[in-house]
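Pasting data.cif here (mmCIF, C-alpha atoms, pLDDT in the B column; chains and numbers go by the auth columns):
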```cif
data_input
#
loop_
_atom_site.group_PDB
_atom_site.id
_atom_site.type_symbol
_atom_site.label_atom_id
_atom_site.label_comp_id
_atom_site.label_asym_id
_atom_site.label_seq_id
_atom_site.Cartn_x
_atom_site.Cartn_y
_atom_site.Cartn_z
_atom_site.B_iso_or_equiv
_atom_site.auth_seq_id
_atom_site.auth_asym_id
ATOM 1 C CA MET A 1 -5.852 -21.156 -20.471 40.00 193 A
ATOM 2 C CA LYS A 2 -3.504 -18.171 -20.894 39.00 194 A
ATOM 3 C CA ALA A 3 -6.408 -16.016 -22.028 39.00 195 A
ATOM 4 C CA VAL A 4 -8.532 -17.104 -19.081 35.00 196 A
ATOM 5 C CA PHE A 5 -5.689 -16.393 -16.658 33.00 197 A
ATOM 6 C CA LEU A 6 -5.187 -12.920 -18.125 36.00 198 A
ATOM 7 C CA ILE A 7 -8.891 -12.122 -17.745 33.00 199 A
ATOM 8 C CA ILE A 8 -8.838 -13.242 -14.111 32.00 200 A
ATOM 9 C CA PHE A 9 -5.655 -11.260 -13.451 33.00 201 A
ATOM 10 C CA LEU A 10 -7.059 -8.093 -14.975 36.00 202 A
ATOM 11 C CA PHE A 11 -10.297 -8.486 -13.042 35.00 203 A
ATOM 12 C CA PHE A 12 -8.558 -8.563 -9.698 36.00 204 A
ATOM 13 C CA ASN A 13 -6.150 -5.826 -10.726 39.00 205 A
ATOM 14 C CA VAL A 14 -9.085 -3.581 -11.593 40.00 206 A
ATOM 15 C CA GLN A 15 -10.893 -4.267 -8.347 41.00 207 A
ATOM 16 C CA CYS A 16 -8.111 -3.844 -5.796 46.00 208 A
ATOM 17 C CA VAL A 17 -7.289 -0.118 -5.946 50.00 209 A
ATOM 18 C CA HIS A 18 -9.404 2.689 -4.547 54.00 210 A
ATOM 19 C CA ALA A 19 -7.310 5.433 -3.032 60.00 211 A
ATOM 20 C CA PHE A 20 -3.959 6.965 -2.243 65.00 212 A
ATOM 21 C CA ASP A 21 -1.451 4.495 -0.913 80.00 213 A
ATOM 22 C CA GLU A 22 -1.884 4.165 2.871 91.00 214 A
ATOM 23 C CA ASN A 23 1.318 6.100 3.356 93.00 215 A
ATOM 24 C CA GLY A 24 -0.022 8.874 1.132 95.00 216 A
ATOM 25 C CA HIS A 25 -2.938 9.313 3.508 96.00 217 A
ATOM 26 C CA ARG A 26 -0.565 9.359 6.470 97.00 218 A
ATOM 27 C CA VAL A 27 1.539 12.037 4.784 97.00 219 A
ATOM 28 C CA ILE A 28 -1.583 14.184 4.324 97.00 220 A
ATOM 29 C CA ALA A 29 -2.618 13.645 7.933 97.00 221 A
ATOM 30 C CA GLN A 30 0.815 14.440 9.356 97.00 222 A
ATOM 31 C CA ILE A 31 1.152 17.657 7.364 98.00 223 A
ATOM 32 C CA ALA A 32 -2.373 18.761 8.256 98.00 224 A
ATOM 33 C CA LEU A 33 -1.667 18.318 11.960 97.00 225 A
ATOM 34 C CA SER A 34 1.138 20.869 11.735 96.00 226 A
ATOM 35 C CA TYR A 35 -1.241 23.468 10.274 97.00 227 A
ATOM 36 C CA LEU A 36 -4.045 23.135 12.816 97.00 228 A
ATOM 37 C CA SER A 37 -4.760 26.291 14.757 96.00 229 A
ATOM 38 C CA SER A 38 -4.319 26.303 18.529 95.00 230 A
ATOM 39 C CA ASP A 39 -8.091 26.620 18.887 94.00 231 A
ATOM 40 C CA ALA A 40 -8.711 23.606 16.658 95.00 232 A
ATOM 41 C CA LYS A 41 -6.140 21.545 18.564 95.00 233 A
ATOM 42 C CA LYS A 42 -7.759 22.486 21.854 94.00 234 A
ATOM 43 C CA ARG A 43 -11.232 21.540 20.682 92.00 235 A
ATOM 44 C CA LEU A 44 -10.050 18.288 19.117 94.00 236 A
ATOM 45 C CA SER A 45 -8.304 17.427 22.371 95.00 237 A
ATOM 46 C CA VAL A 46 -11.470 18.123 24.380 92.00 238 A
ATOM 47 C CA ILE A 47 -13.641 15.981 22.100 92.00 239 A
ATOM 48 C CA PHE A 48 -11.290 13.114 21.325 93.00 240 A
ATOM 49 C CA GLY A 49 -8.681 13.293 24.045 92.00 241 A
ATOM 50 C CA GLU A 50 -4.953 13.621 23.623 88.00 242 A
ATOM 51 C CA ASP A 51 -4.962 10.788 21.064 89.00 243 A
ATOM 52 C CA TYR A 52 -6.734 12.852 18.406 94.00 244 A
ATOM 53 C CA GLN A 53 -3.496 12.912 16.406 95.00 245 A
ATOM 54 C CA GLN A 54 -3.557 9.135 16.329 94.00 246 A
ATOM 55 C CA LEU A 55 -7.065 9.250 14.841 93.00 247 A
ATOM 56 C CA PHE A 56 -5.602 11.195 11.931 95.00 248 A
ATOM 57 C CA LEU A 57 -2.780 8.761 11.301 95.00 249 A
ATOM 58 C CA GLU A 58 -4.832 5.586 11.694 94.00 250 A
ATOM 59 C CA ALA A 59 -7.527 6.693 9.213 95.00 251 A
ATOM 60 C CA PRO A 60 -6.291 4.469 6.326 93.00 252 A
ATOM 61 C CA ASP A 61 -6.132 1.394 8.556 93.00 253 A
ATOM 62 C CA TYR A 62 -9.607 2.129 9.927 92.00 254 A
ATOM 63 C CA ILE A 63 -11.130 2.468 6.452 93.00 255 A
ATOM 64 C CA ALA A 64 -9.410 -0.716 5.252 89.00 256 A
ATOM 65 C CA ILE A 65 -10.832 -2.699 8.169 89.00 257 A
ATOM 66 C CA LYS A 66 -14.315 -1.262 7.617 88.00 258 A
ATOM 67 C CA GLU A 67 -14.223 -2.259 3.961 87.00 259 A
ATOM 68 C CA GLN A 68 -13.402 -5.861 4.806 85.00 260 A
ATOM 69 C CA ASN A 69 -16.877 -6.153 6.273 80.00 261 A
ATOM 70 C CA LEU A 70 -19.202 -7.825 3.767 60.00 262 A
ATOM 71 C CA ASP A 71 -21.916 -5.331 4.676 72.00 263 A
ATOM 72 C CA SER A 72 -19.670 -2.429 3.692 72.00 264 A
ATOM 73 C CA LYS A 73 -19.286 -3.078 -0.049 73.00 265 A
ATOM 74 C CA TRP A 74 -21.050 0.223 -0.675 80.00 266 A
ATOM 75 C CA MET A 75 -18.036 1.994 0.850 88.00 267 A
ATOM 76 C CA LYS A 76 -15.974 1.316 -2.266 88.00 268 A
ATOM 77 C CA ASN A 77 -18.038 3.947 -4.087 90.00 269 A
ATOM 78 C CA LEU A 78 -16.948 6.565 -1.554 95.00 270 A
ATOM 79 C CA HIS A 79 -13.459 6.687 -3.025 95.00 271 A
ATOM 80 C CA TYR A 80 -14.598 8.114 -6.334 97.00 272 A
ATOM 81 C CA VAL A 81 -16.446 10.789 -8.246 98.00 273 A
ATOM 82 C CA PHE A 82 -17.174 9.461 -11.730 97.00 274 A
ATOM 83 C CA PHE A 83 -17.559 11.969 -14.552 98.00 275 A
ATOM 84 C CA ASN A 84 -18.734 11.796 -18.149 96.00 276 A
ATOM 85 C CA ALA A 85 -16.711 13.262 -21.005 93.00 277 A
ATOM 86 C CA GLU A 86 -18.920 16.336 -21.409 93.00 278 A
ATOM 87 C CA ASP A 87 -19.198 17.240 -17.712 94.00 279 A
ATOM 88 C CA GLU A 88 -17.930 20.660 -16.671 91.00 280 A
ATOM 89 C CA SER A 89 -19.423 20.913 -13.188 95.00 281 A
ATOM 90 C CA PHE A 90 -20.406 18.720 -10.259 97.00 282 A
ATOM 91 C CA ASP A 91 -24.016 17.597 -10.038 96.00 283 A
ATOM 92 C CA PRO A 92 -24.940 15.648 -6.869 95.00 284 A
ATOM 93 C CA GLN A 93 -27.591 13.485 -8.539 95.00 285 A
ATOM 94 C CA THR A 94 -25.354 12.578 -11.463 95.00 286 A
ATOM 95 C CA HIS A 95 -21.977 12.294 -9.782 97.00 287 A
ATOM 96 C CA CYS A 96 -22.957 11.226 -6.287 96.00 288 A
ATOM 97 C CA PRO A 97 -25.987 8.902 -6.491 94.00 289 A
ATOM 98 C CA HIS A 98 -27.320 7.869 -3.074 93.00 290 A
ATOM 99 C CA ASN A 99 -24.626 10.086 -1.517 94.00 291 A
ATOM 100 C CA GLN A 100 -22.010 7.474 -2.376 95.00 292 A
ATOM 101 C CA CYS A 101 -18.951 9.431 -3.473 97.00 293 A
ATOM 102 C CA SER A 102 -15.948 11.083 -1.840 97.00 294 A
ATOM 103 C CA VAL A 103 -17.605 14.518 -1.823 98.00 295 A
ATOM 104 C CA ALA A 104 -20.580 13.218 0.171 97.00 296 A
ATOM 105 C CA ALA A 105 -18.257 11.315 2.520 97.00 297 A
ATOM 106 C CA VAL A 106 -16.479 14.562 3.396 98.00 298 A
ATOM 107 C CA LEU A 107 -19.606 16.687 3.701 98.00 299 A
ATOM 108 C CA GLU A 108 -21.476 14.174 5.843 97.00 300 A
ATOM 109 C CA SER A 109 -18.443 13.699 8.088 97.00 301 A
ATOM 110 C CA LYS A 110 -18.250 17.448 8.524 97.00 302 A
ATOM 111 C CA VAL A 111 -21.903 17.550 9.640 97.00 303 A
ATOM 112 C CA VAL A 112 -21.310 14.833 12.244 97.00 304 A
ATOM 113 C CA LEU A 113 -18.310 16.697 13.631 96.00 305 A
ATOM 114 C CA GLN A 114 -20.289 19.927 13.731 93.00 306 A
ATOM 115 C CA LYS A 115 -23.515 18.779 15.386 94.00 307 A
ATOM 116 C CA ALA A 116 -23.745 18.248 19.138 93.00 308 A
ATOM 117 C CA LYS A 117 -26.372 15.511 18.773 96.00 309 A
ATOM 118 C CA TYR A 118 -23.815 12.965 17.573 97.00 310 A
ATOM 119 C CA SER A 119 -21.917 10.808 20.056 96.00 311 A
ATOM 120 C CA THR A 120 -18.172 10.899 20.572 95.00 312 A
ATOM 121 C CA THR A 121 -17.934 7.474 18.939 95.00 313 A
ATOM 122 C CA GLN A 122 -19.706 8.787 15.859 96.00 314 A
ATOM 123 C CA LYS A 123 -17.484 11.849 15.812 96.00 315 A
ATOM 124 C CA ARG A 124 -14.338 9.726 16.040 95.00 316 A
ATOM 125 C CA GLN A 125 -15.455 7.786 12.986 95.00 317 A
ATOM 126 C CA ALA A 126 -16.357 10.996 11.164 96.00 318 A
ATOM 127 C CA LEU A 127 -12.929 12.484 11.834 96.00 319 A
ATOM 128 C CA ARG A 128 -11.232 9.432 10.329 96.00 320 A
ATOM 129 C CA TYR A 129 -13.540 9.608 7.310 96.00 321 A
ATOM 130 C CA LEU A 130 -12.833 13.305 6.844 97.00 322 A
ATOM 131 C CA VAL A 131 -9.077 12.801 6.960 96.00 323 A
ATOM 132 C CA TYR A 132 -9.215 9.897 4.537 97.00 324 A
ATOM 133 C CA PHE A 133 -11.689 11.057 1.927 98.00 325 A
ATOM 134 C CA ILE A 134 -10.303 14.560 1.583 98.00 326 A
ATOM 135 C CA GLY A 135 -7.211 12.743 0.395 97.00 327 A
ATOM 136 C CA ASP A 136 -9.264 10.715 -2.082 97.00 328 A
ATOM 137 C CA ILE A 137 -10.866 13.800 -3.610 98.00 329 A
ATOM 138 C CA HIS A 138 -7.422 15.177 -4.382 98.00 330 A
ATOM 139 C CA MET A 139 -6.218 12.073 -6.218 97.00 331 A
ATOM 140 C CA PRO A 140 -6.754 12.924 -9.913 98.00 332 A
ATOM 141 C CA MET A 141 -7.486 9.372 -11.034 97.00 333 A
ATOM 142 C CA ASN A 142 -10.214 8.958 -8.435 98.00 334 A
ATOM 143 C CA ASN A 143 -12.103 11.618 -10.357 98.00 335 A
ATOM 144 C CA GLY A 144 -11.863 10.169 -13.834 98.00 336 A
ATOM 145 C CA PHE A 145 -14.443 8.877 -16.271 98.00 337 A
ATOM 146 C CA LEU A 146 -17.280 6.527 -15.426 97.00 338 A
ATOM 147 C CA VAL A 147 -16.735 4.510 -18.597 97.00 339 A
ATOM 148 C CA ASP A 148 -13.366 3.205 -17.395 98.00 340 A
ATOM 149 C CA ARG A 149 -14.082 3.400 -13.657 96.00 341 A
ATOM 150 C CA SER A 150 -11.537 6.192 -13.146 97.00 342 A
ATOM 151 C CA GLY A 151 -8.764 4.354 -14.909 98.00 343 A
ATOM 152 C CA ASN A 152 -9.298 1.019 -13.183 97.00 344 A
ATOM 153 C CA LYS A 153 -10.113 -0.567 -16.551 97.00 345 A
ATOM 154 C CA ILE A 154 -7.115 0.935 -18.356 98.00 346 A
ATOM 155 C CA GLN A 155 -4.063 -1.306 -18.277 98.00 347 A
ATOM 156 C CA LEU A 156 -0.455 -0.101 -18.486 98.00 348 A
ATOM 157 C CA GLN A 157 2.574 -2.286 -19.057 98.00 349 A
ATOM 158 C CA LYS A 158 5.557 -2.017 -16.726 97.00 350 A
ATOM 159 C CA ASN A 159 9.175 -2.575 -17.721 95.00 351 A
ATOM 160 C CA ASP A 160 9.009 -6.120 -16.340 96.00 352 A
ATOM 161 C CA LEU A 161 6.092 -6.802 -18.747 96.00 353 A
ATOM 162 C CA SER A 162 3.532 -7.070 -15.950 97.00 354 A
ATOM 163 C CA TYR A 163 0.405 -4.924 -16.049 98.00 355 A
ATOM 164 C CA VAL A 164 -1.098 -2.401 -13.657 98.00 356 A
ATOM 165 C CA SER A 165 -4.155 -0.206 -13.955 98.00 357 A
ATOM 166 C CA LEU A 166 -3.900 3.524 -14.588 98.00 358 A
ATOM 167 C CA ASN A 167 -5.610 4.058 -11.244 98.00 359 A
ATOM 168 C CA TRP A 168 -3.039 1.884 -9.481 98.00 360 A
ATOM 169 C CA ALA A 169 -0.216 3.843 -11.090 98.00 361 A
ATOM 170 C CA TRP A 170 -1.422 7.077 -9.485 97.00 362 A
ATOM 171 C CA ASN A 171 -2.746 5.731 -6.207 96.00 363 A
ATOM 172 C CA LYS A 172 -0.048 3.196 -5.392 96.00 364 A
ATOM 173 C CA GLY A 173 2.765 3.246 -7.897 97.00 365 A
ATOM 174 C CA LEU A 174 3.931 6.826 -7.500 97.00 366 A
ATOM 175 C CA MET A 175 4.170 6.515 -3.725 96.00 367 A
ATOM 176 C CA ILE A 176 6.155 3.302 -4.117 95.00 368 A
ATOM 177 C CA GLU A 177 8.541 5.171 -6.396 96.00 369 A
ATOM 178 C CA LYS A 178 9.246 7.610 -3.545 94.00 370 A
ATOM 179 C CA ASP A 179 10.953 4.799 -1.656 90.00 371 A
ATOM 180 C CA GLN A 180 10.826 6.854 1.556 91.00 372 A
ATOM 181 C CA LYS A 181 9.281 6.522 4.971 94.00 373 A
ATOM 182 C CA TRP A 182 6.029 8.455 5.091 95.00 374 A
ATOM 183 C CA PHE A 183 7.114 10.495 8.116 95.00 375 A
ATOM 184 C CA ALA A 184 10.279 11.721 6.393 97.00 376 A
ATOM 185 C CA LEU A 185 8.352 12.498 3.218 97.00 377 A
ATOM 186 C CA SER A 186 5.773 14.544 5.108 97.00 378 A
ATOM 187 C CA GLY A 187 8.582 16.628 6.574 97.00 379 A
ATOM 188 C CA GLN A 188 10.007 17.308 3.123 97.00 380 A
ATOM 189 C CA TYR A 189 6.621 18.324 1.776 98.00 381 A
ATOM 190 C CA ARG A 190 5.991 20.523 4.790 97.00 382 A
ATOM 191 C CA LYS A 191 9.182 22.507 4.165 97.00 383 A
ATOM 192 C CA SER A 192 8.304 23.036 0.499 97.00 384 A
ATOM 193 C CA ILE A 193 4.871 24.626 1.087 98.00 385 A
ATOM 194 C CA ASP A 194 4.988 28.413 0.901 97.00 386 A
ATOM 195 C CA ARG A 195 2.574 31.063 2.171 96.00 387 A
ATOM 196 C CA GLU A 196 1.201 31.858 -1.269 97.00 388 A
ATOM 197 C CA GLN A 197 0.223 28.224 -1.767 98.00 389 A
ATOM 198 C CA ILE A 198 -1.435 28.056 1.638 97.00 390 A
ATOM 199 C CA GLN A 199 -3.475 31.143 0.899 97.00 391 A
ATOM 200 C CA LEU A 200 -4.447 29.967 -2.573 97.00 392 A
ATOM 201 C CA TRP A 201 -5.430 26.447 -1.544 97.00 393 A
ATOM 202 C CA SER A 202 -7.305 27.656 1.544 96.00 394 A
ATOM 203 C CA GLU A 203 -9.538 29.943 -0.499 95.00 395 A
ATOM 204 C CA GLN A 204 -11.337 27.024 -2.126 93.00 396 A
ATOM 205 C CA VAL A 205 -13.298 25.276 0.618 94.00 397 A
ATOM 206 C CA GLU A 206 -15.943 23.352 -1.362 97.00 398 A
ATOM 207 C CA PRO A 207 -15.273 19.601 -1.810 98.00 399 A
ATOM 208 C CA ALA A 208 -17.262 19.587 -5.070 98.00 400 A
ATOM 209 C CA GLN A 209 -14.809 22.101 -6.520 97.00 401 A
ATOM 210 C CA TRP A 210 -11.897 19.964 -5.355 98.00 402 A
ATOM 211 C CA ALA A 211 -13.398 17.067 -7.304 98.00 403 A
ATOM 212 C CA ILE A 212 -13.718 19.156 -10.461 97.00 404 A
ATOM 213 C CA GLU A 213 -10.162 20.381 -10.026 97.00 405 A
ATOM 214 C CA SER A 214 -8.904 16.794 -9.703 98.00 406 A
ATOM 215 C CA HIS A 215 -11.014 15.711 -12.674 98.00 407 A
ATOM 216 C CA LEU A 216 -9.349 18.322 -14.860 97.00 408 A
ATOM 217 C CA LEU A 217 -5.947 17.046 -13.722 98.00 409 A
ATOM 218 C CA ALA A 218 -7.048 13.514 -14.588 98.00 410 A
ATOM 219 C CA LYS A 219 -7.907 14.654 -18.103 96.00 411 A
ATOM 220 C CA ASP A 220 -4.800 16.805 -18.583 95.00 412 A
ATOM 221 C CA PHE A 221 -2.288 14.401 -17.047 96.00 413 A
ATOM 222 C CA GLY A 222 -3.762 11.038 -16.055 97.00 414 A
ATOM 223 C CA TYR A 223 -5.345 10.011 -19.325 98.00 415 A
ATOM 224 C CA ARG A 224 -2.771 11.761 -21.496 97.00 416 A
ATOM 225 C CA LEU A 225 0.096 9.896 -19.850 97.00 417 A
ATOM 226 C CA ALA A 226 -1.760 6.615 -20.411 97.00 418 A
ATOM 227 C CA GLN A 227 -1.902 7.016 -24.165 97.00 419 A
ATOM 228 C CA ASN A 228 1.208 4.941 -24.824 96.00 420 A
ATOM 229 C CA LYS A 229 -0.065 2.212 -22.466 98.00 421 A
ATOM 230 C CA ARG A 230 3.170 2.218 -20.482 98.00 422 A
ATOM 231 C CA TYR A 231 3.960 2.736 -16.804 98.00 423 A
ATOM 232 C CA ASP A 232 7.590 3.726 -17.183 97.00 424 A
ATOM 233 C CA SER A 233 10.127 6.394 -16.269 97.00 425 A
ATOM 234 C CA VAL A 234 8.538 8.916 -18.628 97.00 426 A
ATOM 235 C CA PHE A 235 5.133 8.423 -17.001 98.00 427 A
ATOM 236 C CA ILE A 236 6.603 8.699 -13.503 98.00 428 A
ATOM 237 C CA LYS A 237 8.638 11.812 -14.268 97.00 429 A
ATOM 238 C CA GLU A 238 5.634 13.712 -15.665 97.00 430 A
ATOM 239 C CA ALA A 239 3.091 12.505 -13.118 98.00 431 A
ATOM 240 C CA MET A 240 5.165 12.979 -9.952 98.00 432 A
ATOM 241 C CA PRO A 241 4.977 16.812 -9.702 98.00 433 A
ATOM 242 C CA VAL A 242 1.163 16.625 -9.902 98.00 434 A
ATOM 243 C CA PHE A 243 1.109 13.816 -7.342 98.00 435 A
ATOM 244 C CA ASP A 244 3.292 15.837 -4.954 98.00 436 A
ATOM 245 C CA LEU A 245 1.192 18.957 -5.366 98.00 437 A
ATOM 246 C CA GLN A 246 -2.092 17.155 -4.688 98.00 438 A
ATOM 247 C CA LEU A 247 -0.796 15.563 -1.498 98.00 439 A
ATOM 248 C CA LYS A 248 0.234 18.954 -0.143 98.00 440 A
ATOM 249 C CA LYS A 249 -2.964 20.610 -1.305 98.00 441 A
ATOM 250 C CA ALA A 250 -5.100 17.947 0.412 98.00 442 A
ATOM 251 C CA ALA A 251 -3.228 18.464 3.692 98.00 443 A
ATOM 252 C CA ILE A 252 -3.701 22.231 3.692 98.00 444 A
ATOM 253 C CA ARG A 253 -7.391 21.939 2.858 98.00 445 A
ATOM 254 C CA LEU A 254 -7.932 19.325 5.558 98.00 446 A
ATOM 255 C CA ALA A 255 -6.363 21.623 8.139 98.00 447 A
ATOM 256 C CA THR A 256 -8.312 24.618 6.806 98.00 448 A
ATOM 257 C CA MET A 257 -11.629 22.792 7.030 97.00 449 A
ATOM 258 C CA LEU A 258 -10.999 21.737 10.633 97.00 450 A
ATOM 259 C CA ASN A 259 -9.730 25.179 11.615 97.00 451 A
ATOM 260 C CA GLN A 260 -12.855 26.787 10.217 95.00 452 A
ATOM 261 C CA LEU A 261 -15.125 24.122 11.668 94.00 453 A
ATOM 262 C CA TYR A 262 -13.841 24.372 15.207 91.00 454 A
ATOM 263 C CA SER A 263 -13.569 28.125 15.230 83.00 455 A
ATOM 264 C CA ALA A 264 -17.280 28.262 14.395 60.00 456 A
ATOM 265 C CA ILE A 265 -18.487 25.974 17.176 56.00 457 A
ATOM 266 C CA ASP A 266 -19.286 27.390 20.589 46.00 458 A
#
```
File written out as structure tokens:
Amino acid sequence: MKAVFLIIFLFFNVQCVHAFDENGHRVIAQIALSYLSSDAKKRLSVIFGEDYQQLFLEAPDYIAIKEQNLDSKWMKNLHYVFFNAEDESFDPQTHCPHNQCSVAAVLESKVVLQKAKYSTTQKRQALRYLVYFIGDIHMPMNNGFLVDRSGNKIQLQKNDLSYVSLNWAWNKGLMIEKDQKWFALSGQYRKSIDREQIQLWSEQVEPAQWAIESHLLAKDFGYRLAQNKRYDSVFIKEAMPVFDLQLKKAAIRLATMLNQLYSAID
């Protein structure tokens, strides 16, 4: 019975994690809002009304509700880009079959926002998707190996002897360790971003490259820190600087994409 219980527990633990903690997505959204150009803000306001900022902040709740729909099981694939050990670049057919990956979610959302033929309702959904899945691309352990489902099949033991997946540790655990309100945390991050970082992060505008970048971080940090099979203070101390950096990087790139998008539309 104990063995059966453990199998059931691990199954549900593997299945339940897909993305940054909800508050992580809100942190990204809040920071990005502060870096939008006046032109982008004006255009967003025209298209979505004065509540466009709320669309940013409600993105994680919107995605969660959508995924509860039985017809939306395919959406779970949108959180990830799965790589093989020998992969050095992003290939759409290999890494994004049927356009079901975070890169495709961002690119298709961008098209909807850009084209006049789509309705305001469709554009509202696309904006939420863009905000959310840019965050997912920047989470290292959402860009891990196919064989272990980006760390969802790798179990780590906590100090209380319970188990969590490697993916959970990065997507949920590190934000829990912050023990701060998301709004306060976004303000702290905002103050720590310097001009050199903004310039550097804004130069890379291709979501596929973001995925490769995150994959390399998964290999260099995510999987390495999992070698001792522990989610402990050592893991948290080494992983946290990467976690912090990726949150800030995602926010700047989200703002950059929207600034470029809405400066290019007549």
Sphere at (3.4, 25.1, 5.0), radius 9 Å, counting only C-alpha atoms: residues as an NGL selection string: :A and (223 or 226-227 or 381-387 or 389-390 or 440 or 444)
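Distance check against Arg445 of chain A using all atoms listed in the file: of A:Val295, A:Leu338, A:Leu409, A:Leu392, the minimum falls on A:Leu392.
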Selection near Asn269 of chain A, 12 Å with all atoms listed in the file, sequence-local residues under 3 positions removed, as a ChimeraX atom specification: /A:207,209-211,259,264-266,272-274,287-297,325,328,334-335,338,341-342
The PyMOL selection byres ((chain A and resi 366) around 12) applied to the shown file, residues as an MDAnalysis selection string: chainID A and resid 212:213 215:216 331 358:365 367:372 423:425 427:436 439
Keeping only C-alpha atoms, write those residues as a PDB file, in the frame of the given file.
```pdb
ATOM      1  CA  PHE A 212      -3.959   6.965  -2.243  1.00 65.00           C
ATOM      2  CA  ASP A 213      -1.451   4.495  -0.913  1.00 80.00           C
ATOM      3  CA  ASN A 215       1.318   6.100   3.356  1.00 93.00           C
ATOM      4  CA  GLY A 216      -0.022   8.874   1.132  1.00 95.00           C
ATOM      5  CA  MET A 331      -6.218  12.073  -6.218  1.00 97.00           C
ATOM      6  CA  LEU A 358      -3.900   3.524 -14.588  1.00 98.00           C
ATOM      7  CA  ASN A 359      -5.610   4.058 -11.244  1.00 98.00           C
ATOM      8  CA  TRP A 360      -3.039   1.884  -9.481  1.00 98.00           C
ATOM      9  CA  ALA A 361      -0.216   3.843 -11.090  1.00 98.00           C
ATOM     10  CA  TRP A 362      -1.422   7.077  -9.485  1.00 97.00           C
ATOM     11  CA  ASN A 363      -2.746   5.731  -6.207  1.00 96.00           C
ATOM     12  CA  LYS A 364      -0.048   3.196  -5.392  1.00 96.00           C
ATOM     13  CA  GLY A 365       2.765   3.246  -7.897  1.00 97.00           C
ATOM     14  CA  MET A 367       4.170   6.515  -3.725  1.00 96.00           C
ATOM     15  CA  ILE A 368       6.155   3.302  -4.117  1.00 95.00           C
ATOM     16  CA  GLU A 369       8.541   5.171  -6.396  1.00 96.00           C
ATOM     17  CA  LYS A 370       9.246   7.610  -3.545  1.00 94.00           C
ATOM     18  CA  ASP A 371      10.953   4.799  -1.656  1.00 90.00           C
ATOM     19  CA  GLN A 372      10.826   6.854   1.556  1.00 91.00           C
ATOM     20  CA  TYR A 423       3.960   2.736 -16.804  1.00 98.00           C
ATOM     21  CA  ASP A 424       7.590   3.726 -17.183  1.00 97.00           C
ATOM     22  CA  SER A 425      10.127   6.394 -16.269  1.00 97.00           C
ATOM     23  CA  PHE A 427       5.133   8.423 -17.001  1.00 98.00           C
ATOM     24  CA  ILE A 428       6.603   8.699 -13.503  1.00 98.00           C
ATOM     25  CA  LYS A 429       8.638  11.812 -14.268  1.00 97.00           C
ATOM     26  CA  GLU A 430       5.634  13.712 -15.665  1.00 97.00           C
ATOM     27  CA  ALA A 431       3.091  12.505 -13.118  1.00 98.00           C
ATOM     28  CA  MET A 432       5.165  12.979  -9.952  1.00 98.00           C
ATOM     29  CA  PRO A 433       4.977  16.812  -9.702  1.00 98.00           C
ATOM     30  CA  VAL A 434       1.163  16.625  -9.902  1.00 98.00           C
ATOM     31  CA  PHE A 435       1.109  13.816  -7.342  1.00 98.00           C
ATOM     32  CA  ASP A 436       3.292  15.837  -4.954  1.00 98.00           C
ATOM     33  CA  LEU A 439      -0.796  15.563  -1.498  1.00 98.00           C
TER      34      LEU A 439
END
```
Expansion of the PyMOL selection byres ((chain A and resi 374) around 6) into residues, as a list in words: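 Checking the PyMOL selection byres ((chain A and resi 374) around 6) against this file, the residues are Asn215, Val219, Lys373, Phe375, Ala376 and Leu377 of chain A.
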Matched chain/residue IDs from the PyMOL selection byres ((chain A and resi 317) around 12), as a PyMOL selection string: chain A and resi 240+244+247-248+250-252+254-255+258+297-298+300-302+304-305+310-316+318-324
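Atom to atom, atom CA of Arg416 of chain A and atom CA of Val397 of chain A stand 28.0 Å apart.
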Atom pair atom CA of Leu225 of chain A / atom CA of Gln245 of chain A: separation (Å):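 One can read the atom CA of Leu225 of chain A to atom CA of Gln245 of chain A distance as 7.2 Å.
Straight-line separation from atom CA of Ala277 of chain A to atom CA of Val339 of chain A: 9.1 Å.
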Among the residues A:Ala418, A:Leu228, A:Met449, A:Leu299, the one that comes closest to Gln349 of chain A [using all atoms listed in the file]: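 Looking at the shortest contact to Gln349 of chain A, the residue is A:Ala418.
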Residue with smallest distance to Gln222 of chain A - pool A:Gln401, A:Gln285, A:Gln347, A:Gln380, counting all atoms listed in the file: A:Gln380
Residue nearest Ala400 of chain A - candidates A:Asp352, A:Asp340, A:Glu214, A:Asp283, atoms counted: all atoms listed in the file: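 Looking at the shortest contact to Ala400 of chain A, the residue is A:Asp283.
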Counting only C-alpha atoms, the option among A:Lys234, A:His271, A:Lys345, A:Lys309 closest to Leu450 of chain A: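 Under the stated criterion, the closest residue is A:Lys234.
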